[in-house]
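Student: This structure is in structure tokens; I'll ask about it shortly.
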Amino acid sequence: MHRIGVLALDGVVPFELGIPARIFGAARDEAGDRLYTVSTCSLDGGPVRAEADYGLTVAHDASLLARVDTVVIPPSHDLGPVREEGRLPAALRDALAAIRPGTRIVGICTAAYVLAAAGLLDHRPATTHWREAARLQRMFTTIRIDPDVLFVDDGDICTSAGVAAGIDLCLHLVRRDHGSRIANTVARSCIVPPWRDGGQAQYIQRPVPDPTAPGTAPTQAWAMARLADPLTLAELAAHANMSVRTFTRRFREETGTTPGQWLIRQRVDLARHYLETTDWPVDLVARRAGFGTGVSLRQHLHAAIGVGPQAYRRTFRPAATTAVSRVSRLS
């Protein structure tokens, strides 16, 4: 039986703390026997302060981590020097150092900071919550952070994005260990999808440019009010009272991307807004967002966030009648 140890740190987020026990605990073989044992520990075996307004009592201290096959670290909102300085407190450093070679280590959400500070993510791909991705990358420059995906499986080290992405990663590990049939059974038992399309890019909100700011920001705001129109680089430069060359250079310096790429991203975001808030056909959404055709919208949306218009709409704007029908059946 595969042994899983979950390390709860002070400030632990209860939702993510419960994911390993719920997902791995639901995995059974054909005879109905458990495929995993899940045990939870703190650094010293004492109670843990949760991010919520209560504490948690655990049954083990960190010596548990030296006896398991997989270590899972849920996120904490009180990482202190780990998140601020990239430094592990002595007790946490010792606990991680005692993990046996070959043990699979899983970091959910901001637990990626813990793995990074321990040197476990050096020169590896990883992810974390999209709000933390840029900061984590600045602190640990050798890590290859992917802010768009729900999780990264790099063999013995796995990381996930925030909150529910921990479910996606744990289901993936059940699938990796025991195949799709058992993973799908676990997903049905937990009433969650066995696999979610796309990544966390579809959940990211981006700020609107300030039209009173200096540089190219006024032109960005002007363009965003005209995304349905066929805007050219020359028109953007003319609005900014710059040459095309100067405008392009300034724009890249301020946004980190080209005007053309920026326009596509804004049009994708506008299309997402229409898909979430209207019942318009996909072709109409495409025209109103500046893509012209539904085919073009599908291509750009899938390239940007990994899903097509219909899948995105199902995720973010489920039909009210469907919701009522489901409630009626459940009641």
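Here, A, B, ... name the chains of the structure tokens in the order displayed, residue numbers run from 1 inside each chain, and ligands are numbered from 1 in the same displayed order.
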Please identify all polymer residues within 12 Å of Thr37 in chain A, counting only C-alpha atoms, omitting same-chain residues fewer than 6 positions from it, and present them as JSON, numbers by chain.

Tutor: {"A": [1, 2, 3, 4, 5, 6, 20, 21, 22, 23, 24, 25, 26, 27, 28, 67, 68, 69, 70, 71]}

Student: Those same residues, written as a CSV table (one decimal), in the first residue's frame with N, CA and C atoms?

Tutor:
chain,number,residue,atom,x,y,z
A,1,MET,N,0.8,-1.2,0.0
A,1,MET,CA,0.0,0.0,0.0
A,1,MET,C,0.9,1.2,0.0
A,2,HIS,N,0.5,2.2,-0.8
A,2,HIS,CA,1.3,3.4,-1.0
A,2,HIS,C,1.0,4.4,0.2
A,3,ARG,N,2.0,4.8,0.9
A,3,ARG,CA,1.9,5.6,2.1
A,3,ARG,C,2.1,7.1,1.7
A,4,ILE,N,1.2,7.9,2.1
A,4,ILE,CA,1.2,9.3,1.9
A,4,ILE,C,1.3,10.1,3.2
A,5,GLY,N,2.2,11.0,3.3
A,5,GLY,CA,2.3,11.9,4.5
A,5,GLY,C,2.1,13.3,4.1
A,6,VAL,N,1.2,14.0,4.8
A,6,VAL,CA,0.8,15.3,4.5
A,6,VAL,C,1.4,16.2,5.6
A,20,PRO,N,-5.7,15.7,-0.1
A,20,PRO,CA,-5.1,14.4,-0.3
A,20,PRO,C,-5.9,13.2,0.4
A,21,ALA,N,-6.4,13.5,1.6
A,21,ALA,CA,-7.1,12.4,2.3
A,21,ALA,C,-8.4,12.1,1.5
A,22,ARG,N,-9.0,13.1,0.9
A,22,ARG,CA,-10.3,12.9,0.2
A,22,ARG,C,-10.1,12.2,-1.1
A,23,ILE,N,-9.1,12.6,-1.8
A,23,ILE,CA,-8.9,12.0,-3.2
A,23,ILE,C,-8.2,10.6,-3.0
A,24,PHE,N,-7.0,10.6,-2.4
A,24,PHE,CA,-6.3,9.3,-2.2
A,24,PHE,C,-7.1,8.3,-1.4
A,25,GLY,N,-7.8,8.9,-0.4
A,25,GLY,CA,-8.6,8.0,0.5
A,25,GLY,C,-9.8,7.3,-0.2
A,26,ALA,N,-10.2,7.9,-1.4
A,26,ALA,CA,-11.3,7.3,-2.1
A,26,ALA,C,-10.8,6.2,-3.1
A,27,ALA,N,-9.6,6.1,-3.3
A,27,ALA,CA,-9.0,5.1,-4.3
A,27,ALA,C,-9.1,3.7,-3.7
A,28,ARG,N,-9.8,2.8,-4.5
A,28,ARG,CA,-9.9,1.4,-4.1
A,28,ARG,C,-9.6,0.5,-5.2
A,67,ARG,N,9.1,8.0,6.4
A,67,ARG,CA,8.6,6.7,6.3
A,67,ARG,C,7.5,6.5,5.2
A,68,VAL,N,7.3,7.5,4.4
A,68,VAL,CA,6.2,7.5,3.5
A,68,VAL,C,6.8,7.4,2.0
A,69,ASP,N,5.9,7.2,1.1
A,69,ASP,CA,6.3,7.1,-0.3
A,69,ASP,C,6.0,8.4,-1.1
A,70,THR,N,5.1,9.2,-0.6
A,70,THR,CA,4.7,10.5,-1.2
A,70,THR,C,4.6,11.5,0.0
A,71,VAL,N,5.2,12.6,-0.2
A,71,VAL,CA,5.0,13.7,0.8
A,71,VAL,C,4.2,14.8,0.1

Student: Distance CA of Pro81 in chain A-CA of Thr127 in chain A, one decimal place?

Tutor: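 Pair CA of Pro81 in chain A / CA of Thr127 in chain A returns 20.0 Å.
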
Student: Please, what distance in Å, to one decimal, runs between CA of Val244 in chain A and CA of Gly260 in chain A?

Tutor: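 CA of Gly260 in chain A lies at a distance of 12.5 Å from CA of Val244 in chain A.
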
Student: Could you write out, as a PyMOL selection string, all the residues of range 14-182 of chain A that DSSP marks as strand (DSSP E or B)?

Tutor: chain A and resi 28+34+36-41+48-50+55-56+60+70-73+76+104-108+125-126+144-145+151-154+157-160

Student: Env of range 167-175 of chain A: 7 Å cut, atoms = only C-alpha atoms, seq-sep filter 2 positions within chain, self excluded. Answer as a list in words.

Tutor: Ile19, Pro20, Ile23, Phe151, Ser160, Ala164, Ala165, Asp177, His178, Gly179, Ser180, Ile182, Ala183, Pro194 and Trp195 of chain A

Student: Output N, CA and C atoms for every residue in that selection, as a CSV table (one decimal), in the first residue's frame.

Tutor:
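This went into selection_5.csv:
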chain,number,residue,atom,x,y,z
A,19,ILE,N,-7.5,17.8,0.8
A,19,ILE,CA,-7.6,17.2,-0.6
A,19,ILE,C,-6.9,15.8,-0.6
A,20,PRO,N,-5.7,15.7,-0.1
A,20,PRO,CA,-5.1,14.4,-0.3
A,20,PRO,C,-5.9,13.2,0.4
A,23,ILE,N,-9.1,12.6,-1.8
A,23,ILE,CA,-8.9,12.0,-3.2
A,23,ILE,C,-8.2,10.6,-3.0
A,151,PHE,N,-1.3,22.0,-13.2
A,151,PHE,CA,-0.2,21.3,-12.4
A,151,PHE,C,0.9,20.9,-13.3
A,160,SER,N,1.2,22.2,-8.1
A,160,SER,CA,-0.1,22.5,-8.7
A,160,SER,C,-0.3,24.0,-8.5
A,164,ALA,N,-8.5,24.5,-6.1
A,164,ALA,CA,-9.0,23.2,-6.7
A,164,ALA,C,-8.0,22.5,-7.6
A,165,ALA,N,-7.0,23.2,-8.0
A,165,ALA,CA,-6.0,22.6,-8.9
A,165,ALA,C,-5.2,21.5,-8.1
A,177,ASP,N,-0.6,6.3,-11.0
A,177,ASP,CA,-0.3,5.1,-10.2
A,177,ASP,C,-1.1,3.9,-10.6
A,178,HIS,N,-2.4,4.1,-10.9
A,178,HIS,CA,-3.3,3.0,-11.0
A,178,HIS,C,-4.2,3.0,-12.3
A,179,GLY,N,-4.0,4.0,-13.2
A,179,GLY,CA,-4.8,4.0,-14.4
A,179,GLY,C,-6.0,4.8,-14.3
A,180,SER,N,-6.6,5.1,-15.5
A,180,SER,CA,-7.7,6.0,-15.6
A,180,SER,C,-9.0,5.4,-15.0
A,182,ILE,N,-9.5,3.7,-12.2
A,182,ILE,CA,-9.6,4.0,-10.8
A,182,ILE,C,-9.7,5.5,-10.6
A,183,ALA,N,-8.9,6.3,-11.3
A,183,ALA,CA,-9.0,7.7,-11.2
A,183,ALA,C,-10.4,8.2,-11.5
A,194,PRO,N,-13.0,14.2,-13.8
A,194,PRO,CA,-11.7,13.5,-13.8
A,194,PRO,C,-10.6,14.2,-14.5
A,195,TRP,N,-10.9,15.2,-15.4
A,195,TRP,CA,-9.9,15.9,-16.0
A,195,TRP,C,-10.5,17.3,-16.5

Student: I need the residues in range 204-265 of chain A that are alpha helix (DSSP H) according to DSSP; give them as a ChimeraX atom specification.

Tutor: /A:217-224,233-239,244-255,259-265

Student: Which residues of range 70-94 of chain A have any atom within 10 Å of an atom in range 45-55 of chain A when counting only C-alpha atoms, and what is the closest pair of atoms for each, with the distance in Å to one decimal? Order the rows by chain and rising number and write it as a tab-separated table.

Tutor:
residue	atom	partner	partner_atom	distance
A:Pro75	CA	A:Glu51	CA	9.7
A:Ser76	CA	A:Glu51	CA	7.2
A:His77	CA	A:Glu51	CA	6.3
A:Asp78	CA	A:Glu51	CA	7.9

Student: Which residues come within 7 Å of Gly308 in chain A, counting only C-alpha atoms, excluding same-chain residues fewer than 6 positions away, as a list in words?

Tutor: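 Counting only the stated atoms, we get Arg298, Leu301 and His302 of chain A.
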
Student: Nearest to Ala133 in chain A among A:Ala66, A:Ala234, A:Ala304, A:Ala161, with distances taken over only C-alpha atoms: which residue is it?

Tutor: A:Ala161

Student: Which neighbours of Val152 in chain A fall inside 6 Å, counting only C-alpha atoms, when residues of the same chain fewer than 5 positions from it are skipped, and could you give them as a PyMOL selection string?

Tutor: chain A and resi 126+158-159

Student: List the spatial neighbours of range 92-101 of chain A as an MDAnalysis selection string - criterion: any atom at most 7 Å away, only C-alpha atoms, same-chain residues fewer than 2 positions off excluded.

Tutor: chainID A and resid 43 62 65:66 88:90 103

Student: Would you work out the distance separating CA of Pro230 in chain A from CA of Val295 in chain A, expressed in Å to one decimal?

Tutor: 16.8 Å

Student: When distances are computed from only C-alpha atoms, which of A:Gly107, A:Gly256, A:Gly292, A:Pro281 shows the smallest separation from Thr128 in chain A?

Tutor: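 Of A:Gly107, A:Gly256, A:Gly292, A:Pro281, the one nearest Thr128 in chain A, counting only C-alpha atoms, is A:Gly107.
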
Student: What lies within 12 Å of Gly80 in chain A using only C-alpha atoms, ignoring chain neighbours under 5 positions off, as a PyMOL selection string?

Tutor: chain A and resi 9-11+85-89+110+113-114

Student: A:Gly215, A:Gly290, A:Gly32, A:Gly119: which is nearest Ile157 in chain A, counting only C-alpha atoms?

Tutor: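 Ranked by minimum distance to Ile157 in chain A, first place goes to A:Gly119.
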